[in-house]
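The structure file protein26.txt is reproduced below (compact mmCIF, N, CA and C atoms).
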# COMPACT_ATOMS: atom_id res chain seq x y z
N MET F 650 39.69 -50.23 -17.03
CA MET F 650 38.72 -50.07 -15.97
C MET F 650 38.59 -51.40 -15.23
N THR F 651 38.48 -51.33 -13.92
CA THR F 651 38.33 -52.51 -13.09
C THR F 651 36.91 -52.54 -12.54
N THR F 652 36.28 -53.73 -12.53
CA THR F 652 34.93 -53.82 -12.00
C THR F 652 34.88 -54.63 -10.72
N ALA F 653 36.01 -54.99 -10.17
CA ALA F 653 36.05 -55.74 -8.92
C ALA F 653 36.15 -54.78 -7.74
N LEU F 654 35.80 -55.27 -6.58
CA LEU F 654 35.89 -54.48 -5.37
C LEU F 654 37.36 -54.23 -5.04
N ALA F 655 37.73 -52.98 -4.95
CA ALA F 655 39.11 -52.64 -4.60
C ALA F 655 39.36 -52.96 -3.14
N PRO F 656 40.57 -53.40 -2.79
CA PRO F 656 40.84 -53.84 -1.42
C PRO F 656 40.60 -52.78 -0.36
N ASN F 657 40.87 -51.52 -0.64
CA ASN F 657 40.72 -50.47 0.36
C ASN F 657 39.40 -49.71 0.24
N THR F 658 38.48 -50.22 -0.55
CA THR F 658 37.21 -49.55 -0.76
C THR F 658 36.12 -50.25 0.05
N ALA F 659 35.45 -49.50 0.89
CA ALA F 659 34.38 -50.06 1.70
C ALA F 659 33.20 -50.44 0.82
N ALA F 660 32.51 -51.49 1.21
CA ALA F 660 31.33 -51.92 0.47
C ALA F 660 30.25 -50.85 0.57
N LEU F 661 29.41 -50.79 -0.44
CA LEU F 661 28.29 -49.86 -0.43
C LEU F 661 27.25 -50.34 0.57
N SER F 662 26.55 -49.41 1.18
CA SER F 662 25.51 -49.76 2.15
C SER F 662 24.23 -49.01 1.81
N ALA F 663 23.20 -49.23 2.59
CA ALA F 663 21.91 -48.60 2.36
C ALA F 663 21.96 -47.08 2.51
N VAL F 664 22.96 -46.56 3.18
CA VAL F 664 23.07 -45.10 3.32
C VAL F 664 23.71 -44.45 2.11
N ASP F 665 24.34 -45.23 1.24
CA ASP F 665 24.94 -44.70 0.01
C ASP F 665 23.83 -44.50 -1.01
N ARG F 666 23.69 -43.27 -1.52
CA ARG F 666 22.58 -42.92 -2.39
C ARG F 666 23.07 -42.50 -3.77
N CYS F 667 22.27 -42.77 -4.77
CA CYS F 667 22.55 -42.40 -6.15
C CYS F 667 22.66 -40.89 -6.27
N ASP F 668 23.73 -40.42 -6.91
CA ASP F 668 23.92 -38.99 -7.10
C ASP F 668 22.92 -38.41 -8.10
N ARG F 669 22.27 -39.24 -8.85
CA ARG F 669 21.32 -38.79 -9.87
C ARG F 669 19.90 -38.69 -9.32
N CYS F 670 19.45 -39.71 -8.55
CA CYS F 670 18.03 -39.73 -8.15
C CYS F 670 17.80 -39.97 -6.66
N GLY F 671 18.83 -40.34 -5.90
CA GLY F 671 18.68 -40.55 -4.47
C GLY F 671 18.31 -41.96 -4.07
N ALA F 672 18.14 -42.87 -5.03
CA ALA F 672 17.87 -44.27 -4.70
C ALA F 672 19.13 -44.91 -4.13
N GLN F 673 18.99 -46.11 -3.58
CA GLN F 673 20.16 -46.79 -3.02
C GLN F 673 21.19 -47.04 -4.12
N ALA F 674 22.44 -46.73 -3.83
CA ALA F 674 23.53 -46.89 -4.80
C ALA F 674 24.07 -48.31 -4.78
N TYR F 675 24.31 -48.84 -5.96
CA TYR F 675 24.92 -50.15 -6.12
C TYR F 675 26.19 -50.08 -6.97
N LEU F 676 26.58 -48.88 -7.38
CA LEU F 676 27.77 -48.71 -8.20
C LEU F 676 28.53 -47.48 -7.73
N ARG F 677 29.82 -47.65 -7.43
CA ARG F 677 30.69 -46.52 -7.07
C ARG F 677 31.70 -46.38 -8.20
N VAL F 678 31.79 -45.18 -8.74
CA VAL F 678 32.74 -44.89 -9.81
C VAL F 678 33.78 -43.94 -9.26
N GLU F 679 35.01 -44.42 -9.20
CA GLU F 679 36.12 -43.57 -8.79
C GLU F 679 36.66 -42.94 -10.07
N LEU F 680 36.67 -41.62 -10.11
CA LEU F 680 37.03 -40.90 -11.32
C LEU F 680 38.54 -40.76 -11.49
N GLN F 681 38.99 -40.73 -12.75
CA GLN F 681 40.40 -40.53 -13.06
C GLN F 681 40.87 -39.17 -12.54
N SER F 682 39.97 -38.20 -12.52
CA SER F 682 40.30 -36.85 -12.08
C SER F 682 40.23 -36.69 -10.57
N GLY F 683 39.86 -37.77 -9.86
CA GLY F 683 39.69 -37.73 -8.41
C GLY F 683 38.21 -37.65 -8.07
N GLY F 684 37.87 -38.00 -6.86
CA GLY F 684 36.47 -37.99 -6.44
C GLY F 684 35.76 -39.27 -6.87
N GLU F 685 34.49 -39.31 -6.56
CA GLU F 685 33.70 -40.49 -6.89
C GLU F 685 32.26 -40.11 -7.15
N LEU F 686 31.56 -40.97 -7.86
CA LEU F 686 30.14 -40.83 -8.11
C LEU F 686 29.47 -42.12 -7.70
N LEU F 687 28.24 -42.02 -7.19
CA LEU F 687 27.46 -43.19 -6.80
C LEU F 687 26.22 -43.24 -7.66
N PHE F 688 25.85 -44.47 -8.10
CA PHE F 688 24.69 -44.63 -8.95
C PHE F 688 23.86 -45.84 -8.55
N CYS F 689 22.54 -45.69 -8.71
CA CYS F 689 21.66 -46.85 -8.61
C CYS F 689 21.90 -47.70 -9.86
N ALA F 690 21.37 -48.90 -9.89
CA ALA F 690 21.59 -49.79 -11.05
C ALA F 690 21.00 -49.17 -12.32
N HIS F 691 19.84 -48.54 -12.21
CA HIS F 691 19.20 -47.94 -13.37
C HIS F 691 20.08 -46.87 -14.02
N HIS F 692 20.57 -45.94 -13.22
CA HIS F 692 21.39 -44.86 -13.77
C HIS F 692 22.80 -45.34 -14.15
N ALA F 693 23.29 -46.37 -13.51
CA ALA F 693 24.57 -46.96 -13.91
C ALA F 693 24.45 -47.52 -15.32
N ARG F 694 23.33 -48.20 -15.62
CA ARG F 694 23.12 -48.72 -16.98
C ARG F 694 22.93 -47.58 -17.97
N GLU F 695 22.16 -46.57 -17.58
CA GLU F 695 21.87 -45.45 -18.47
C GLU F 695 23.14 -44.70 -18.87
N HIS F 696 24.06 -44.51 -17.93
CA HIS F 696 25.26 -43.72 -18.18
C HIS F 696 26.52 -44.57 -18.30
N GLY F 697 26.36 -45.88 -18.43
CA GLY F 697 27.48 -46.81 -18.40
C GLY F 697 28.59 -46.52 -19.39
N ASP F 698 28.25 -46.20 -20.63
CA ASP F 698 29.29 -45.96 -21.63
C ASP F 698 30.16 -44.77 -21.28
N LYS F 699 29.54 -43.70 -20.85
CA LYS F 699 30.30 -42.50 -20.47
C LYS F 699 31.12 -42.76 -19.21
N LEU F 700 30.56 -43.50 -18.26
CA LEU F 700 31.28 -43.78 -17.02
C LEU F 700 32.56 -44.57 -17.29
N LYS F 701 32.50 -45.51 -18.24
CA LYS F 701 33.69 -46.30 -18.58
C LYS F 701 34.82 -45.41 -19.09
N GLU F 702 34.46 -44.32 -19.76
CA GLU F 702 35.47 -43.40 -20.31
C GLU F 702 36.20 -42.60 -19.23
N ILE F 703 35.50 -42.31 -18.13
CA ILE F 703 36.07 -41.41 -17.12
C ILE F 703 36.47 -42.12 -15.82
N ALA F 704 36.21 -43.42 -15.74
CA ALA F 704 36.45 -44.15 -14.49
C ALA F 704 37.89 -44.63 -14.35
N ALA F 705 38.41 -44.52 -13.14
CA ALA F 705 39.68 -45.14 -12.79
C ALA F 705 39.41 -46.52 -12.19
N ASN F 706 38.29 -46.64 -11.48
CA ASN F 706 37.90 -47.89 -10.83
C ASN F 706 36.39 -47.88 -10.65
N VAL F 707 35.79 -49.06 -10.75
CA VAL F 707 34.35 -49.18 -10.56
C VAL F 707 34.09 -50.29 -9.56
N VAL F 708 33.28 -50.00 -8.56
CA VAL F 708 32.83 -51.01 -7.61
C VAL F 708 31.37 -51.29 -7.96
N ASP F 709 31.11 -52.48 -8.47
CA ASP F 709 29.78 -52.85 -8.95
C ASP F 709 29.19 -53.89 -8.01
N GLU F 710 28.14 -53.51 -7.31
CA GLU F 710 27.48 -54.42 -6.38
C GLU F 710 26.05 -54.71 -6.82
N THR F 711 25.80 -54.61 -8.12
CA THR F 711 24.46 -54.88 -8.63
C THR F 711 24.07 -56.35 -8.45
N HIS F 712 25.04 -57.21 -8.19
CA HIS F 712 24.72 -58.62 -7.93
C HIS F 712 23.85 -58.78 -6.67
N LYS F 713 23.82 -57.76 -5.83
CA LYS F 713 22.98 -57.79 -4.63
C LYS F 713 21.50 -57.69 -4.98
N LEU F 714 21.21 -57.27 -6.20
CA LEU F 714 19.84 -57.13 -6.65
C LEU F 714 19.38 -58.44 -7.28
N ALA F 715 19.05 -59.39 -6.44
CA ALA F 715 18.59 -60.70 -6.92
C ALA F 715 17.14 -60.59 -7.36
N PRO F 716 16.76 -61.35 -8.38
CA PRO F 716 15.36 -61.32 -8.80
C PRO F 716 14.45 -61.84 -7.68
N THR F 717 13.28 -61.31 -7.61
CA THR F 717 12.31 -61.71 -6.60
C THR F 717 11.72 -63.08 -7.00
N PRO F 718 11.73 -64.06 -6.09
CA PRO F 718 11.17 -65.36 -6.45
C PRO F 718 9.67 -65.25 -6.71
N PRO F 719 9.15 -66.09 -7.59
CA PRO F 719 7.71 -66.01 -7.88
C PRO F 719 6.88 -66.34 -6.65
N ALA F 720 5.71 -65.73 -6.58
CA ALA F 720 4.80 -65.96 -5.46
C ALA F 720 4.18 -67.36 -5.59
N VAL F 721 3.99 -68.00 -4.47
CA VAL F 721 3.37 -69.31 -4.45
C VAL F 721 1.87 -69.12 -4.36
N THR F 722 1.15 -69.74 -5.28
CA THR F 722 -0.31 -69.63 -5.25
C THR F 722 -0.91 -71.00 -4.95
N ASP F 723 -2.02 -70.98 -4.27
CA ASP F 723 -2.69 -72.25 -3.91
C ASP F 723 -3.76 -72.57 -4.92
Target encoding structure tokens, full file:
Amino acid sequence: MTTALAPNTAALSAVDRCDRCGAQAYLRVELQSGGELLFCAHHAREHGDKLKEIAANVVDETHKLAPTPPAVTD
């Protein structure tokens, strides 16, 4: 399984939605049998083990989810 962005695969955008819950997708799984599935980070983690078994290629853009900096208080 590959976790790098494939050269001919377009980056995920805000219009790409999780097939499980409809949230913004950060993971594209290209299946060995053909087709693809899109997942939010939560569902990608939840189903990660099974996805590794059936994936031909994985585009993982969860790095876009940077932690929120702490609020500055006076």
Check chain F with DSSP on the backbone and list each residue it calls alpha helix (DSSP H), as an MDAnalysis selection string. chainID F and resid 690:695 697:703
From the options F:Leu680, F:Val721, F:Ala663, F:Ala674, which residue's atoms come nearest to Asn706 (chain F), counting only C-alpha atoms? F:Leu680
Between F:Val707, F:Ala720, F:Ser662, F:Tyr675, which is the closest to Ala690 (chain F) once you count all atoms listed in the file? F:Tyr675
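Our summary of the geometry notes that atom N of Gly671 (chain F) is positioned 7.1 Å from atom N of Cys689 (chain F).
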Atom pair CA of Arg677 (chain F) / atom N of Ile703 (chain F): separation (Å): 12.8 Å
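Of the residues in chain F, those that DSSP places in strand (DSSP E or B) on the basis of the backbone are Arg666, Gln673, Leu676, Arg677, Val678, Glu679, Leu680, Glu685, Leu686, Leu687, Phe688, Ala704, Ala705, Asn706, Val707, Val708 and Asp709 of chain F.
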Among listed residues F:Ala715, F:Leu661, F:Ala705, F:Cys667, nearest Gly683 (chain F) (using all atoms listed in the file): F:Ala705
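Counting from atom N of Lys701 (chain F), the distance to atom C of Leu714 (chain F) is 21.4 Å.
Of the listed residues F:Ser682, F:Leu676, F:Ala659, F:Val664, the one whose atoms come nearest to Ala704 (chain F) is F:Ser682, with distances taken using only C-alpha atoms.
Residue nearest Lys713 (chain F) within the list F:Glu679, F:Gln673, F:Gly684, F:Arg666: F:Gln673 [criterion: smallest interatomic distance, only C-alpha atoms].
The nearest approach to Asp668 (chain F) among the residues F:Glu695, F:Glu702, F:Phe688, F:Gln681, with only N, CA and C atoms taken into account, belongs to F:Phe688.
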Region 707-718 of chain F, all listed atoms, 3 Å padding on each side: what axis-aligned box centre and edge lengths in Å to one decimal come out, as JSON?
{"center_x": 22.7, "center_y": -57.2, "center_z": -7.7, "size_x": 32.1, "size_y": 22.3, "size_z": 12.1}
